[in-house]
Amino acid sequence: MTTSPLILLLSGSLRSGSTNEAVLRTAQDLAPSVQVRTALYDGLARLPHFNPDEDADPLPSPVTELRAAIDAAAGILICAPEYAGTLPGSFKNLLDWTVGGTEICDKPTAWINAAAPGRGQGADATLRTVLGYTGADIVEPACVKVPVDRGTVDAEGLITDPDVRRDIARVMDLLATGTTATG
């Protein structure tokens, strides 16, 4: 019996109930339909500020947990907002902690940009740059813009718009295909 690939879901937002979190919660909800398992990483707020002097054994515990979560995953799906033309500092900090490790190297990785039309390009560009430094295997067709209207997020934090749900399922399927092609 084959185990479904595990996709690590990384939200770049610390805001409770953000549309970025809703995208990832919806991805979790849709995971069985595309035969993947998911884990939503919830340690963003606990990560210490990146300091190259601390990027050595023993690593700070939250960094060890982050790297272990990345290592255990077959692929990574990111949904991060744009803030001041780039990624929020807290999420850039998370990515900085991945540069010194090898866990993300060659790991199929994609992102969904949930920003309104005409916004979010700076976050996309920063993700592409930083993930290039980490050696992540960017699954290009799964890196998409799927604008989310807050009015389509229900009380459980799931997106109800059928077109957006279809787009998220397609991304998960493409990412899963990327994990089986490399894994």
# chains A, B, ... in the order shown; residues from 1 in each chain; ligands from 1
call {"tool": "select_by_dssp", "arguments": {"residues": "chain A", "states": "strand (DSSP E)", "output": "list in words"}}
result
Leu6, Ile7, Leu8, Leu9, Leu10, Ser11, Arg37, Thr38, Ala39, Leu40, Gly75, Ile76, Leu77, Ile78, Cys79, Pro108, Thr109, Ala110, Trp111, Ile112, Asn113, Asp137, Ile138, Val144 and Lys145 of chain A
call {"tool": "residues_around", "arguments": {"residues": "A:Asp154", "least_positions_apart": "4", "cutoff": "12 Å", "atoms": "only C-alpha atoms", "output": "PyMOL selection string"}}
result
chain A and resi 17-19+22-23+25-26+149-150+158-161
call {"tool": "atom_distance", "arguments": {"atom1": "atom CA of A:Ala69", "atom2": "atom CA of A:Leu94"}}
result
12.4 Å
call {"tool": "closest_atom_pairs", "arguments": {"of": "stretch 40-94 of chain A", "to": "stretch 169-177 of chain A", "cutoff": "12 Å", "atoms": "only C-alpha atoms", "output": "JSON lines"}}
result
{"residue": "A:Ala73", "atom": "CA", "partner": "A:Ala176", "partner_atom": "CA", "distance": 11.0}
{"residue": "A:Ala74", "atom": "CA", "partner": "A:Ala176", "partner_atom": "CA", "distance": 8.2}
{"residue": "A:Gly75", "atom": "CA", "partner": "A:Leu175", "partner_atom": "CA", "distance": 6.9}
{"residue": "A:Ile76", "atom": "CA", "partner": "A:Leu175", "partner_atom": "CA", "distance": 8.0}
{"residue": "A:Leu77", "atom": "CA", "partner": "A:Leu175", "partner_atom": "CA", "distance": 7.9}
{"residue": "A:Ile78", "atom": "CA", "partner": "A:Val171", "partner_atom": "CA", "distance": 11.0}
{"residue": "A:Cys79", "atom": "CA", "partner": "A:Val171", "partner_atom": "CA", "distance": 11.7}
call {"tool": "select_by_dssp", "arguments": {"residues": "stretch 59-126 of chain A", "states": "helix (DSSP H, G or I)", "output": "list in words"}}
result
Ser61, Pro62, Val63, Thr64, Glu65, Leu66, Arg67, Ala68, Ala69, Ile70, Asp71, Ala72, Gly89, Ser90, Phe91, Lys92, Asn93, Leu94, Leu95, Asp96, Trp97, Thr98, Val99, Gln121, Gly122, Ala123, Asp124, Ala125 and Thr126 of chain A
